[in-house]
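Here is the file data-v2.cif (mmCIF, C-alpha atoms).
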data_start
#
loop_
_atom_site.label_atom_id
_atom_site.label_comp_id
_atom_site.auth_asym_id
_atom_site.auth_seq_id
_atom_site.Cartn_x
_atom_site.Cartn_y
_atom_site.Cartn_z
CA MET Z 1 -15.96 117.61 2.93
CA SER Z 2 -14.26 119.63 5.62
CA GLU Z 3 -15.92 118.09 8.66
CA LYS Z 4 -15.14 114.57 7.59
CA ARG Z 5 -12.08 113.82 9.68
CA ASP Z 6 -13.02 114.69 13.23
CA GLY Z 7 -13.88 112.39 16.12
CA THR Z 8 -17.63 112.39 15.57
CA ASP Z 9 -17.06 111.24 12.07
CA ASN Z 10 -14.81 108.42 13.20
CA ALA Z 11 -17.71 107.09 15.24
CA ARG Z 12 -19.94 107.34 12.21
CA ARG Z 13 -17.40 105.53 10.05
CA ASP Z 14 -17.04 102.75 12.60
CA PHE Z 15 -20.81 102.43 12.66
CA LEU Z 16 -20.96 102.23 8.86
CA LYS Z 17 -18.23 99.58 8.83
CA LEU Z 18 -20.16 97.44 11.31
CA ALA Z 19 -23.36 97.90 9.32
CA GLY Z 20 -21.88 95.75 6.57
CA LEU Z 21 -21.54 98.04 3.59
CA THR Z 22 -18.53 96.06 2.48
CA ALA Z 23 -20.79 93.10 1.70
CA VAL Z 24 -21.85 94.99 -1.39
CA THR Z 25 -18.35 95.78 -2.61
CA GLY Z 26 -17.13 93.78 -5.58
CA GLY Z 27 -20.08 93.32 -7.83
CA ALA Z 28 -21.75 96.60 -7.17
CA LEU Z 29 -18.60 98.56 -7.79
CA ALA Z 30 -18.12 96.86 -11.10
CA ALA Z 31 -21.62 97.14 -12.44
CA THR Z 32 -22.67 100.55 -11.28
CA GLY Z 33 -19.69 102.66 -12.18
CA GLU Z 34 -21.88 104.28 -14.80
CA SER Z 35 -22.92 107.74 -13.80
CA ALA Z 36 -26.42 108.52 -12.65
CA GLU Z 37 -28.88 107.39 -15.25
CA ALA Z 38 -31.43 110.15 -15.14
CA CYS Z 39 -29.86 113.06 -13.31
CA ALA Z 40 -26.97 115.23 -14.24
CA ALA Z 41 -25.09 118.28 -13.20
CA HIS Z 42 -26.04 121.52 -14.87
CA GLU Z 43 -24.17 122.27 -18.07
CA LYS Z 44 -22.75 118.83 -18.67
CA ALA Z 45 -23.17 117.11 -22.01
CA GLN Z 46 -25.95 114.57 -21.79
CA THR Z 47 -25.95 111.04 -23.03
CA SER Z 48 -29.01 109.21 -24.19
CA TYR Z 49 -31.59 107.95 -21.77
CA LYS Z 50 -34.13 105.35 -22.69
CA GLU Z 51 -37.67 106.53 -22.14
CA SER Z 52 -38.94 104.46 -19.32
CA GLU Z 53 -42.22 102.69 -18.83
CA HIS Z 54 -42.60 104.79 -15.71
CA VAL Z 55 -43.46 107.70 -17.94
CA LYS Z 56 -46.51 105.96 -19.33
CA THR Z 57 -47.67 104.93 -15.89
CA TYR Z 58 -46.99 108.42 -14.67
CA TYR Z 59 -49.16 109.99 -17.32
CA LYS Z 60 -51.92 107.55 -16.52
CA LEU Z 61 -51.75 108.40 -12.86
CA ALA Z 62 -51.55 112.08 -13.54
CA ARG Z 63 -54.54 111.77 -15.89
CA PHE Z 64 -52.79 113.52 -18.77
CA MET A 65 -28.27 98.21 -17.82
CA GLY A 66 -25.94 95.41 -17.04
CA LYS A 67 -22.79 96.73 -18.58
CA ALA A 68 -19.73 96.53 -16.45
CA THR A 69 -17.81 99.75 -16.63
CA ALA A 70 -14.91 101.30 -14.83
CA LEU A 71 -14.50 100.70 -11.15
CA LEU A 72 -15.26 103.56 -8.89
CA GLN A 73 -12.18 104.72 -7.15
CA SER A 74 -11.82 106.23 -3.76
CA ASP A 75 -9.98 109.24 -5.08
CA ASP A 76 -10.84 112.88 -4.54
CA GLY A 77 -10.47 112.30 -0.82
CA ILE A 78 -13.84 110.57 -0.50
CA ALA A 79 -13.67 108.01 2.29
CA GLU A 80 -14.17 104.35 1.48
CA GLU A 81 -17.38 104.09 3.50
CA ASP A 82 -18.86 106.94 1.51
CA VAL A 83 -17.88 105.40 -1.80
CA LEU A 84 -19.59 102.21 -0.64
CA ARG A 85 -22.70 104.18 0.32
CA ALA A 86 -22.76 105.82 -3.10
CA ASN A 87 -22.42 102.45 -4.74
CA LEU A 88 -25.27 100.96 -2.82
CA TYR A 89 -27.47 103.93 -3.69
CA ARG A 90 -26.50 103.52 -7.31
CA LEU A 91 -27.11 99.81 -7.23
CA LEU A 92 -30.59 100.31 -5.82
CA ALA A 93 -31.28 103.00 -8.40
CA HIS A 94 -30.10 100.67 -11.15
CA VAL A 95 -32.63 97.93 -10.37
CA LEU A 96 -35.44 100.33 -9.50
CA ARG A 97 -35.05 102.18 -12.78
CA ASP A 98 -35.40 99.05 -14.86
CA ALA A 99 -35.57 95.30 -14.38
CA PRO A 100 -32.14 93.68 -14.04
CA GLN A 101 -30.64 91.80 -16.95
CA GLN A 102 -28.70 88.55 -16.73
CA ALA A 103 -25.41 90.36 -16.08
CA ASP A 104 -26.99 92.22 -13.19
CA LEU A 105 -28.43 89.02 -11.74
CA ASP A 106 -25.02 87.35 -12.03
CA MET A 107 -23.48 90.28 -10.21
CA PHE A 108 -25.95 90.01 -7.34
CA ALA A 109 -25.60 86.24 -7.20
CA ALA A 110 -21.84 86.61 -6.77
CA MET A 111 -22.16 88.78 -3.67
CA GLY A 112 -21.38 87.20 -0.34
CA GLY A 113 -23.43 88.05 2.70
CA ASP A 114 -22.34 88.25 6.30
CA GLN A 115 -23.93 88.71 9.74
CA THR A 116 -24.28 92.48 9.56
CA PRO A 117 -27.68 94.11 8.88
CA ILE A 118 -26.75 95.00 5.32
CA GLY A 119 -24.73 91.81 4.84
CA GLU A 120 -27.71 89.63 5.74
CA ALA A 121 -29.89 91.45 3.22
CA VAL A 122 -27.16 91.15 0.60
CA GLY A 123 -26.87 87.41 1.24
CA ALA A 124 -30.62 86.96 0.88
CA LEU A 125 -30.68 88.96 -2.35
CA ALA A 126 -27.74 86.95 -3.72
CA ARG A 127 -29.61 83.69 -3.10
CA ILE A 128 -32.73 84.98 -4.83
CA ALA A 129 -30.73 86.39 -7.75
CA SER A 130 -29.02 83.06 -8.37
CA SER A 131 -32.39 81.44 -9.12
CA THR A 132 -34.00 84.37 -10.96
CA ARG A 133 -34.29 84.55 -14.73
CA PRO A 134 -34.39 87.82 -16.67
CA GLU A 135 -37.82 87.09 -18.21
CA THR A 136 -39.30 86.36 -14.81
CA VAL A 137 -37.93 89.44 -13.14
CA GLU A 138 -38.97 91.59 -16.09
CA ARG A 139 -42.56 90.44 -15.52
CA GLU A 140 -42.18 90.99 -11.80
CA TYR A 141 -40.96 94.52 -12.40
CA HIS A 142 -43.88 95.19 -14.70
CA ASN A 143 -46.41 93.95 -12.16
CA LEU A 144 -44.82 95.97 -9.38
CA PHE A 145 -44.31 99.32 -11.06
CA ILE A 146 -46.20 99.49 -14.33
CA GLY A 147 -49.12 97.10 -14.41
CA LEU A 148 -52.41 97.64 -16.18
CA GLY A 149 -53.25 101.21 -15.33
CA ARG A 150 -50.80 101.20 -12.48
CA GLY A 151 -48.48 98.77 -10.79
CA GLU A 152 -48.77 97.41 -7.30
CA LEU A 153 -46.57 100.25 -6.04
CA VAL A 154 -46.19 103.84 -7.18
CA PRO A 155 -42.54 104.66 -6.51
CA TYR A 156 -42.75 108.46 -6.28
CA GLY A 157 -42.18 110.44 -3.11
CA SER A 158 -45.02 112.81 -3.76
CA TYR A 159 -47.47 109.97 -4.28
CA TYR A 160 -46.28 108.22 -1.14
CA LEU A 161 -46.52 111.30 1.01
CA THR A 162 -49.69 112.91 -0.33
CA GLY A 163 -51.48 110.30 -2.41
CA PHE A 164 -50.97 112.42 -5.52
CA LEU A 165 -48.20 112.92 -8.04
CA ASN A 166 -46.65 116.34 -8.52
CA GLU A 167 -47.47 117.66 -5.08
CA LYS A 168 -45.40 119.76 -2.70
CA PRO A 169 -42.75 117.09 -2.01
CA LEU A 170 -41.80 117.23 -5.69
CA ALA A 171 -41.73 121.01 -5.66
CA ARG A 172 -39.45 121.01 -2.63
CA LEU A 173 -37.18 118.46 -4.30
CA ARG A 174 -36.94 120.56 -7.46
CA SER A 175 -36.07 123.59 -5.41
CA ASP A 176 -33.23 121.72 -3.66
CA MET A 177 -32.04 120.22 -6.93
CA SER A 178 -31.79 123.67 -8.42
CA ARG A 179 -29.85 124.93 -5.43
CA LEU A 180 -27.46 121.95 -5.58
CA GLY A 181 -26.91 122.20 -9.31
CA ILE A 182 -28.73 118.99 -10.22
CA GLU A 183 -31.04 118.76 -13.17
CA ARG A 184 -33.07 116.07 -14.82
CA ARG A 185 -31.73 114.94 -18.15
CA ALA A 186 -33.67 116.57 -20.96
CA GLU A 187 -34.93 113.26 -22.33
CA VAL A 188 -36.28 112.06 -18.99
CA ARG A 189 -39.88 113.06 -18.51
CA GLU A 190 -40.82 111.24 -15.36
CA PRO A 191 -40.84 113.37 -12.22
CA GLU A 192 -37.67 113.65 -10.21
CA ASP A 193 -39.09 112.16 -7.04
CA HIS A 194 -38.96 108.62 -8.41
CA ILE A 195 -37.15 106.42 -5.86
CA ALA A 196 -34.41 105.61 -8.39
CA ALA A 197 -33.82 109.28 -9.14
CA GLU A 198 -33.58 110.16 -5.46
CA CYS A 199 -31.09 107.32 -4.90
CA GLU A 200 -29.07 108.54 -7.88
CA MET A 201 -29.04 112.03 -6.44
CA MET A 202 -27.72 110.77 -3.12
CA ALA A 203 -24.95 108.88 -4.95
CA GLY A 204 -24.14 111.94 -7.02
CA LEU A 205 -23.99 114.20 -3.98
CA ILE A 206 -21.65 111.79 -2.18
CA LEU A 207 -19.30 111.42 -5.15
CA GLY A 208 -19.45 114.98 -6.41
CA ASP A 209 -21.15 114.22 -9.74
CA PHE A 210 -22.90 117.57 -9.62
CA GLY A 211 -19.83 119.64 -8.84
CA GLU A 212 -18.06 119.40 -5.53
CA ALA A 213 -18.82 116.43 -3.33
CA ALA A 214 -21.50 117.44 -0.85
CA SER A 215 -20.52 117.68 2.80
CA LEU A 216 -22.00 115.12 5.16
CA ALA A 217 -24.25 117.84 6.56
CA GLU A 218 -25.55 118.60 3.07
CA GLN A 219 -26.06 114.90 2.42
CA ARG A 220 -27.93 114.59 5.70
CA ASP A 221 -30.17 117.54 4.92
CA PHE A 222 -31.03 116.16 1.50
CA PHE A 223 -31.67 112.70 2.94
CA LYS A 224 -33.82 114.04 5.76
CA ALA A 225 -35.84 116.24 3.43
CA HIS A 226 -36.41 113.86 0.54
CA LEU A 227 -35.70 110.21 1.36
CA ALA A 228 -36.28 109.81 5.08
CA PRO A 229 -39.99 110.72 4.90
CA TRP A 230 -40.87 107.83 2.61
CA ALA A 231 -37.98 105.72 1.24
CA ARG A 232 -37.89 103.17 4.04
CA HIS A 233 -41.65 102.86 3.95
CA PHE A 234 -41.41 102.26 0.21
CA PHE A 235 -38.70 99.61 0.58
CA THR A 236 -40.69 97.85 3.29
CA ASP A 237 -43.72 97.82 0.99
CA LEU A 238 -41.53 96.48 -1.79
CA GLU A 239 -40.30 93.70 0.45
CA GLY A 240 -43.86 92.68 1.24
CA ALA A 241 -45.52 93.28 -2.10
CA ARG A 242 -47.55 90.42 -3.56
CA SER A 243 -45.61 90.47 -6.84
CA SER A 244 -42.19 90.69 -5.21
CA VAL A 245 -39.68 87.87 -5.38
CA PHE A 246 -36.35 89.33 -6.50
CA TYR A 247 -37.66 92.72 -5.45
CA ALA A 248 -38.46 91.43 -1.99
CA GLY A 249 -34.70 91.10 -1.63
CA VAL A 250 -34.17 94.56 -3.05
CA GLY A 251 -36.74 95.93 -0.62
CA ARG A 252 -35.08 94.27 2.33
CA LEU A 253 -31.68 95.61 1.31
CA GLY A 254 -33.04 99.10 0.71
CA SER A 255 -34.86 99.10 4.01
CA ALA A 256 -31.76 97.98 5.92
CA PHE A 257 -29.69 100.62 4.17
CA MET A 258 -32.16 103.42 4.89
CA ARG A 259 -32.10 102.50 8.57
CA VAL A 260 -28.29 102.56 8.57
CA GLU A 261 -28.21 105.89 6.78
CA ASP A 262 -30.66 107.36 9.24
CA GLU A 263 -28.65 106.20 12.25
CA ALA A 264 -25.33 107.24 10.72
CA PHE A 265 -26.58 110.75 9.92
CA ALA A 266 -27.85 111.05 13.48
CA MET A 267 -24.24 110.70 14.65
CA LEU A 268 -23.09 113.85 12.85
#
Show this structure as C-alpha coordinates.
Amino acid sequence: MSEKRDGTDNARRDFLKLAGLTAVTGGALAATGESAEACAAHEKAQTSYKESEHVKTYYKLARF
Amino acid sequence: MGKATALLQSDDGIAEEDVLRANLYRLLAHVLRDAPQQADLDMFAAMGGDQTPIGEAVGALARIASSTRPETVEREYHNLFIGLGRGELVPYGSYYLTGFLNEKPLARLRSDMSRLGIERRAEVREPEDHIAAECEMMAGLILGDFGEAASLAEQRDFFKAHLAPWARHFFTDLEGARSSVFYAGVGRLGSAFMRVEDEAFAML
(Lines of atoms letter the chains of each structure in order from A and count residues from 1; the text may use other names and numbers.)
(Lines give C-alpha, C1' and ligand atoms only; values in the text may rest on other atoms or scores of the structure.)
Protein backbone atom coordinates (compact mmCIF):
# COMPACT_ATOMS: atom_id res chain seq x y z
CA MET A 1 0.00 0.00 0.00
CA SER A 2 3.06 2.20 -0.16
CA GLU A 3 2.02 4.44 -3.05
CA LYS A 4 -1.31 5.26 -1.51
CA ARG A 5 -0.61 8.64 0.02
CA ASP A 6 0.92 10.72 -2.73
CA GLY A 7 -0.65 13.50 -4.78
CA THR A 8 -1.80 11.32 -7.66
CA ASP A 9 -3.67 9.20 -5.22
CA ASN A 10 -5.36 12.21 -3.68
CA ALA A 11 -6.81 12.99 -7.09
CA ARG A 12 -8.00 9.42 -7.39
CA ARG A 13 -9.59 9.55 -3.95
CA ASP A 14 -11.36 12.80 -4.75
CA PHE A 15 -12.65 11.21 -7.93
CA LEU A 16 -13.92 8.18 -6.03
CA LYS A 17 -15.64 10.41 -3.48
CA LEU A 18 -17.45 12.30 -6.24
CA ALA A 19 -18.43 9.04 -7.92
CA GLY A 20 -20.78 8.33 -5.03
CA LEU A 21 -19.38 5.24 -3.36
CA THR A 22 -20.72 6.49 -0.06
CA ALA A 23 -24.27 5.92 -1.30
CA VAL A 24 -23.65 2.23 -0.71
CA THR A 25 -22.32 2.60 2.81
CA GLY A 26 -24.66 1.53 5.59
CA GLY A 27 -26.50 -1.48 4.34
CA ALA A 28 -23.73 -2.95 2.30
CA LEU A 29 -21.25 -2.71 5.11
CA ALA A 30 -23.60 -4.52 7.41
CA ALA A 31 -24.64 -7.32 5.15
CA THR A 32 -21.46 -8.15 3.35
CA GLY A 33 -18.95 -8.28 6.16
CA GLU A 34 -18.77 -12.00 5.56
CA SER A 35 -15.57 -12.98 3.86
CA ALA A 36 -15.47 -13.98 0.22
CA GLU A 37 -17.89 -16.79 -0.37
CA ALA A 38 -15.99 -18.92 -2.82
CA CYS A 39 -12.38 -17.80 -2.71
CA ALA A 40 -9.86 -18.01 0.02
CA ALA A 41 -6.25 -17.45 0.79
CA HIS A 42 -3.97 -20.43 0.60
CA GLU A 43 -3.66 -22.41 3.80
CA LYS A 44 -6.62 -20.95 5.61
CA ALA A 45 -9.24 -23.17 7.18
CA GLN A 46 -12.27 -23.35 4.95
CA THR A 47 -15.87 -23.02 5.90
CA SER A 48 -18.69 -24.70 4.10
CA TYR A 49 -19.89 -23.49 0.75
CA LYS A 50 -23.22 -24.44 -0.67
CA GLU A 51 -22.92 -26.09 -4.06
CA SER A 52 -24.40 -23.65 -6.45
CA GLU A 53 -26.78 -24.11 -9.32
CA HIS A 54 -24.09 -22.58 -11.48
CA VAL A 55 -22.24 -25.85 -11.27
CA LYS A 56 -25.04 -27.74 -12.95
CA THR A 57 -25.36 -25.14 -15.67
CA TYR A 58 -21.62 -25.14 -16.04
CA TYR A 59 -21.48 -28.86 -16.61
CA LYS A 60 -24.25 -28.61 -19.15
CA LEU A 61 -22.42 -25.90 -21.02
CA ALA A 62 -19.15 -27.73 -20.81
CA ARG A 63 -20.88 -30.89 -22.06
CA PHE A 64 -19.59 -33.04 -19.21
CA MET B 1 -26.91 -15.14 2.30
CA GLY B 2 -28.66 -12.38 4.10
CA LYS B 3 -27.02 -12.65 7.45
CA ALA B 4 -25.80 -9.43 8.92
CA THR B 5 -22.36 -9.88 10.36
CA ALA B 6 -19.66 -7.66 11.71
CA LEU B 7 -19.09 -4.30 10.16
CA LEU B 8 -16.04 -3.91 8.07
CA GLN B 9 -13.66 -1.52 9.65
CA SER B 10 -11.24 0.81 8.02
CA ASP B 11 -8.34 -0.51 10.02
CA ASP B 12 -5.05 -1.84 8.69
CA GLY B 13 -4.47 1.53 7.08
CA ILE B 14 -6.87 0.86 4.22
CA ALA B 15 -8.43 4.13 3.10
CA GLU B 16 -12.17 4.62 3.43
CA GLU B 17 -12.71 4.84 -0.33
CA ASP B 18 -11.03 1.50 -0.77
CA VAL B 19 -13.09 -0.13 1.95
CA LEU B 20 -16.18 1.19 0.16
CA ARG B 21 -14.93 -0.22 -3.13
CA ALA B 22 -14.36 -3.60 -1.52
CA ASN B 23 -17.84 -3.50 -0.07
CA LEU B 24 -19.45 -2.73 -3.36
CA TYR B 25 -17.53 -5.57 -5.01
CA ARG B 26 -18.65 -7.86 -2.24
CA LEU B 27 -22.21 -6.69 -2.47
CA LEU B 28 -22.30 -7.37 -6.21
CA ALA B 29 -20.70 -10.77 -5.65
CA HIS B 30 -23.29 -11.56 -2.99
CA VAL B 31 -26.29 -11.09 -5.30
CA LEU B 32 -24.58 -12.59 -8.34
CA ARG B 33 -23.67 -15.74 -6.44
CA ASP B 34 -27.23 -16.40 -5.35
CA ALA B 35 -30.61 -14.69 -5.42
CA PRO B 36 -31.09 -12.21 -2.58
CA GLN B 37 -33.23 -13.14 0.39
CA GLN B 38 -35.64 -10.85 2.20
CA ALA B 39 -32.92 -9.48 4.47
CA ASP B 40 -30.82 -8.59 1.44
CA LEU B 41 -33.77 -6.90 -0.26
CA ASP B 42 -34.48 -4.92 2.91
CA MET B 43 -30.86 -3.84 2.99
CA PHE B 44 -30.99 -2.58 -0.59
CA ALA B 45 -34.33 -0.90 -0.04
CA ALA B 46 -32.86 1.06 2.87
CA MET B 47 -30.10 2.58 0.77
CA GLY B 48 -30.44 6.21 -0.20
CA GLY B 49 -29.36 7.38 -3.61
CA ASP B 50 -27.90 10.70 -4.63
CA GLN B 51 -26.96 12.54 -7.83
CA THR B 52 -23.62 10.83 -8.36
CA PRO B 53 -23.20 8.09 -11.00
CA ILE B 54 -23.11 5.33 -8.41
CA GLY B 55 -25.65 7.08 -6.18
CA GLU B 56 -28.22 7.23 -8.97
CA ALA B 57 -27.81 3.51 -9.64
CA VAL B 58 -28.08 2.79 -5.92
CA GLY B 59 -31.27 4.84 -5.69
CA ALA B 60 -32.79 2.97 -8.62
CA LEU B 61 -31.85 -0.39 -7.13
CA ALA B 62 -33.30 0.63 -3.76
CA ARG B 63 -36.63 1.47 -5.38
CA ILE B 64 -36.75 -1.86 -7.20
CA ALA B 65 -35.71 -3.79 -4.09
CA SER B 66 -38.51 -2.25 -2.03
CA SER B 67 -41.11 -3.82 -4.33
CA THR B 68 -39.34 -7.13 -4.97
CA ARG B 69 -40.29 -10.36 -3.24
CA PRO B 70 -37.82 -13.19 -2.57
CA GLU B 71 -39.84 -15.74 -4.58
CA THR B 72 -39.98 -13.43 -7.58
CA VAL B 73 -36.31 -12.61 -7.57
CA GLU B 74 -35.41 -16.26 -7.07
CA ARG B 75 -37.28 -17.04 -10.30
CA GLU B 76 -35.64 -14.09 -12.00
CA TYR B 77 -32.22 -15.32 -10.96
CA HIS B 78 -33.02 -18.78 -12.26
CA ASN B 79 -34.14 -17.46 -15.63
CA LEU B 80 -31.09 -15.24 -15.94
CA PHE B 81 -28.32 -17.60 -14.91
CA ILE B 82 -29.56 -21.17 -14.78
CA GLY B 83 -32.58 -21.70 -17.00
CA LEU B 84 -33.44 -24.86 -18.88
CA GLY B 85 -30.14 -25.90 -20.35
CA ARG B 86 -28.71 -22.46 -19.79
CA GLY B 87 -29.86 -19.12 -18.52
CA GLU B 88 -30.24 -15.95 -20.50
CA LEU B 89 -26.69 -14.97 -19.56
CA VAL B 90 -23.58 -17.05 -18.94
CA PRO B 91 -21.66 -15.12 -16.29
CA TYR B 92 -18.15 -16.45 -16.92
CA GLY B 93 -15.30 -14.38 -18.29
CA SER B 94 -14.04 -17.12 -20.55
CA TYR B 95 -17.47 -17.61 -22.09
CA TYR B 96 -17.90 -13.89 -22.60
CA LEU B 97 -14.53 -13.42 -24.22
CA THR B 98 -14.26 -16.57 -26.31
CA GLY B 99 -17.72 -18.10 -26.50
CA PHE B 100 -16.49 -21.15 -24.60
CA LEU B 101 -15.97 -22.07 -20.97
CA ASN B 102 -12.53 -23.00 -19.71
CA GLU B 103 -10.58 -21.12 -22.33
CA LYS B 104 -7.44 -19.03 -22.04
CA PRO B 105 -9.00 -16.24 -19.93
CA LEU B 106 -9.63 -18.81 -17.19
CA ALA B 107 -6.11 -20.17 -17.48
CA ARG B 108 -4.67 -16.67 -17.16
CA LEU B 109 -6.88 -16.00 -14.14
CA ARG B 110 -5.75 -19.21 -12.45
CA SER B 111 -2.15 -18.29 -13.06
CA ASP B 112 -2.63 -14.87 -11.43
CA MET B 113 -4.60 -16.38 -8.56
CA SER B 114 -1.76 -18.74 -7.86
CA ARG B 115 0.74 -15.91 -7.92
CA LEU B 116 -1.40 -13.81 -5.57
CA GLY B 117 -2.05 -16.63 -3.14
CA ILE B 118 -5.76 -17.01 -3.92
CA GLU B 119 -7.39 -20.37 -4.29
CA ARG B 120 -10.87 -21.64 -4.89
CA ARG B 121 -12.48 -23.26 -1.89
CA ALA B 122 -12.26 -27.03 -2.18
CA GLU B 123 -16.03 -27.48 -2.23
CA VAL B 124 -16.58 -24.98 -5.04
CA ARG B 125 -16.49 -26.64 -8.41
CA GLU B 126 -17.56 -23.87 -10.72
CA PRO B 127 -14.73 -22.16 -12.58
CA GLU B 128 -13.08 -19.18 -11.00
CA ASP B 129 -13.96 -16.74 -13.75
CA HIS B 130 -17.57 -16.45 -12.61
CA ILE B 131 -18.41 -12.75 -12.24
CA ALA B 132 -19.13 -13.19 -8.52
CA ALA B 133 -15.78 -14.89 -7.94
CA GLU B 134 -13.89 -12.15 -9.77
CA CYS B 135 -15.70 -9.49 -7.72
CA GLU B 136 -14.86 -11.39 -4.55
CA MET B 137 -11.23 -11.53 -5.58
CA MET B 138 -11.13 -7.77 -6.12
CA ALA B 139 -12.63 -7.25 -2.65
CA GLY B 140 -10.15 -9.67 -1.13
CA LEU B 141 -7.20 -8.01 -2.82
CA ILE B 142 -8.30 -4.58 -1.59
CA LEU B 143 -8.83 -5.73 2.00
CA GLY B 144 -5.93 -8.14 2.23
CA ASP B 145 -8.00 -11.32 2.64
CA PHE B 146 -5.34 -13.28 0.80
CA GLY B 147 -2.39 -12.01 2.80
CA GLU B 148 -1.23 -8.44 2.56
CA ALA B 149 -3.57 -5.91 1.01
CA ALA B 150 -2.68 -5.55 -2.66
CA SER B 151 -1.19 -2.25 -3.78
CA LEU B 152 -3.31 -0.10 -6.06
CA ALA B 153 -1.01 -1.03 -8.94
CA GLU B 154 -1.61 -4.72 -8.25
CA GLN B 155 -5.34 -4.11 -8.01
CA ARG B 156 -5.23 -2.23 -11.31
CA ASP B 157 -3.32 -4.99 -13.03
CA PHE B 158 -5.77 -7.63 -11.83
CA PHE B 159 -8.74 -5.47 -12.83
CA LYS B 160 -7.29 -4.72 -16.26
CA ALA B 161 -6.44 -8.35 -16.91
CA HIS B 162 -9.59 -10.05 -15.66
CA LEU B 163 -12.54 -7.69 -15.17
CA ALA B 164 -12.05 -4.83 -17.60
CA PRO B 165 -12.25 -7.04 -20.71
CA TRP B 166 -15.78 -8.21 -20.00
CA ALA B 167 -17.34 -7.18 -16.65
CA ARG B 168 -18.90 -3.93 -17.84
CA HIS B 169 -20.21 -5.65 -20.93
CA PHE B 170 -21.74 -8.30 -18.69
CA PHE B 171 -23.36 -5.75 -16.37
CA THR B 172 -24.77 -3.86 -19.34
CA ASP B 173 -26.23 -7.10 -20.67
CA LEU B 174 -27.66 -7.80 -17.23
CA GLU B 175 -29.28 -4.39 -17.14
CA GLY B 176 -30.95 -5.04 -20.48
CA ALA B 177 -31.76 -8.73 -20.16
CA ARG B 178 -35.35 -9.77 -20.84
CA SER B 179 -35.68 -11.52 -17.48
CA SER B 180 -34.12 -8.70 -15.47
CA VAL B 181 -36.09 -6.61 -13.02
CA PHE B 182 -34.17 -6.50 -9.75
CA TYR B 183 -31.09 -7.54 -11.70
CA ALA B 184 -31.56 -4.65 -14.10
CA GLY B 185 -30.75 -2.49 -11.09
CA VAL B 186 -27.80 -4.68 -10.19
CA GLY B 187 -26.56 -4.43 -13.77
CA ARG B 188 -26.83 -0.67 -13.78
CA LEU B 189 -24.96 -0.40 -10.49
CA GLY B 190 -22.27 -2.82 -11.62
CA SER B 191 -21.86 -1.03 -14.91
CA ALA B 192 -21.54 2.37 -13.21
CA PHE B 193 -19.02 0.94 -10.77
CA MET B 194 -16.90 -0.68 -13.47
CA ARG B 195 -16.73 2.65 -15.29
CA VAL B 196 -15.65 4.40 -12.08
CA GLU B 197 -13.04 1.76 -11.36
CA ASP B 198 -11.66 2.04 -14.86
CA GLU B 199 -11.37 5.83 -14.66
CA ALA B 200 -9.94 5.76 -11.14
CA PHE B 201 -7.26 3.22 -12.07
CA ALA B 202 -6.35 5.38 -15.06
CA MET B 203 -5.38 8.13 -12.59
CA LEU B 204 -2.66 6.04 -10.95
Which residues are near region 88-102 of chain A? Cut-off 6 Å, all atoms listed in the file, ignore same chain within fewer than 5 positions. Put them as a ChimeraX atom specification. /A:66,134,138,141,196,199-200,203
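Under the PyMOL selection byres ((chain Z and resi 8-20) around 7), the matching residues in the shown file are Lys4, Arg5, Asp6, Gly7, Leu21, Thr22 and Ala23 of chain Z; Glu81, Thr116, Pro117, Ile118, Gly119, Val260, Ala264, Met267 and Leu268 of chain A.
Take CA of Leu105 (chain A) and CA of Ala129 (chain A): the distance between them is 5.3 Å.
A straight line drawn from CA of Arg139 (chain A) to CA of Ala109 (chain A) is 19.4 Å long.
Using all atoms listed in the file, the protein and nucleic acid residues lying no more than 9 Å from Ala124 (chain A), apart from those fewer than 4 places from it along its own chain, are Gly113, Gly119, Glu120, Ile128, Ala129, Gly249, Arg252 and Leu253 of chain A.
Computed from the coordinates, the CA of Asp176 (chain A) to CA of Ala228 (chain A) distance equals 15.1 Å.
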Return as a PyMOL selection string the set of residues that the PyMOL selection byres ((chain A and resi 150-159) around 9) yields on the displayed structure. (chain Z and resi 57-58+60-61) or (chain A and resi 96+141-149+160-170+191-196+198+226-227+229-231+234+237-238+241-243)
Could those residues be written to a file, using C-alpha atoms, as a CSV table (one decimal), in the frame of the given file?
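again.csv written:
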chain,number,residue,atom,x,y,z
Z,57,THR,CA,-47.7,104.9,-15.9
Z,58,TYR,CA,-47.0,108.4,-14.7
Z,60,LYS,CA,-51.9,107.6,-16.5
Z,61,LEU,CA,-51.8,108.4,-12.9
A,96,LEU,CA,-35.4,100.3,-9.5
A,141,TYR,CA,-41.0,94.5,-12.4
A,142,HIS,CA,-43.9,95.2,-14.7
A,143,ASN,CA,-46.4,94.0,-12.2
A,144,LEU,CA,-44.8,96.0,-9.4
A,145,PHE,CA,-44.3,99.3,-11.1
A,146,ILE,CA,-46.2,99.5,-14.3
A,147,GLY,CA,-49.1,97.1,-14.4
A,148,LEU,CA,-52.4,97.6,-16.2
A,149,GLY,CA,-53.2,101.2,-15.3
A,160,TYR,CA,-46.3,108.2,-1.1
A,161,LEU,CA,-46.5,111.3,1.0
A,162,THR,CA,-49.7,112.9,-0.3
A,163,GLY,CA,-51.5,110.3,-2.4
A,164,PHE,CA,-51.0,112.4,-5.5
A,165,LEU,CA,-48.2,112.9,-8.0
A,166,ASN,CA,-46.6,116.3,-8.5
A,167,GLU,CA,-47.5,117.7,-5.1
A,168,LYS,CA,-45.4,119.8,-2.7
A,169,PRO,CA,-42.8,117.1,-2.0
A,170,LEU,CA,-41.8,117.2,-5.7
A,191,PRO,CA,-40.8,113.4,-12.2
A,192,GLU,CA,-37.7,113.6,-10.2
A,193,ASP,CA,-39.1,112.2,-7.0
A,194,HIS,CA,-39.0,108.6,-8.4
A,195,ILE,CA,-37.2,106.4,-5.9
A,196,ALA,CA,-34.4,105.6,-8.4
A,198,GLU,CA,-33.6,110.2,-5.5
A,226,HIS,CA,-36.4,113.9,0.5
A,227,LEU,CA,-35.7,110.2,1.4
A,229,PRO,CA,-40.0,110.7,4.9
A,230,TRP,CA,-40.9,107.8,2.6
A,231,ALA,CA,-38.0,105.7,1.2
A,234,PHE,CA,-41.4,102.3,0.2
A,237,ASP,CA,-43.7,97.8,1.0
A,238,LEU,CA,-41.5,96.5,-1.8
A,241,ALA,CA,-45.5,93.3,-2.1
A,242,ARG,CA,-47.6,90.4,-3.6
A,243,SER,CA,-45.6,90.5,-6.8
If we count all atoms listed in the file and set the cut-off at 6 Å, which residues sit around Phe235 (chain A), ignoring sequence neighbours fewer than 4 positions away in its own chain? Please answer as a PyMOL selection string. chain A and resi 251+254-255
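Closest approach to chain Z among A:Leu207, A:Met107, A:Arg172, A:Phe222 is made by A:Met107 (distances from all atoms listed in the file).
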Evaluated on this file, the PyMOL selection byres ((chain A and resi 177) around 12) picks out some residues - which ones are they, written as an MDAnalysis selection string? (chainID Z and resid 39:42) or (chainID A and resid 170:176 178:184 192:193 197:198 201:202 204:205 210 222 225:226)
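Using all atoms listed in the file, the smallest distance between any of A:Glu263, A:Glu212, A:Glu190, A:Glu218 and chain Z comes from A:Glu190.
Proximity of A:Val245, A:Val83, A:Glu187, A:Arg232 to Val24 (chain Z), computed with all atoms listed in the file, is greatest for A:Val83.
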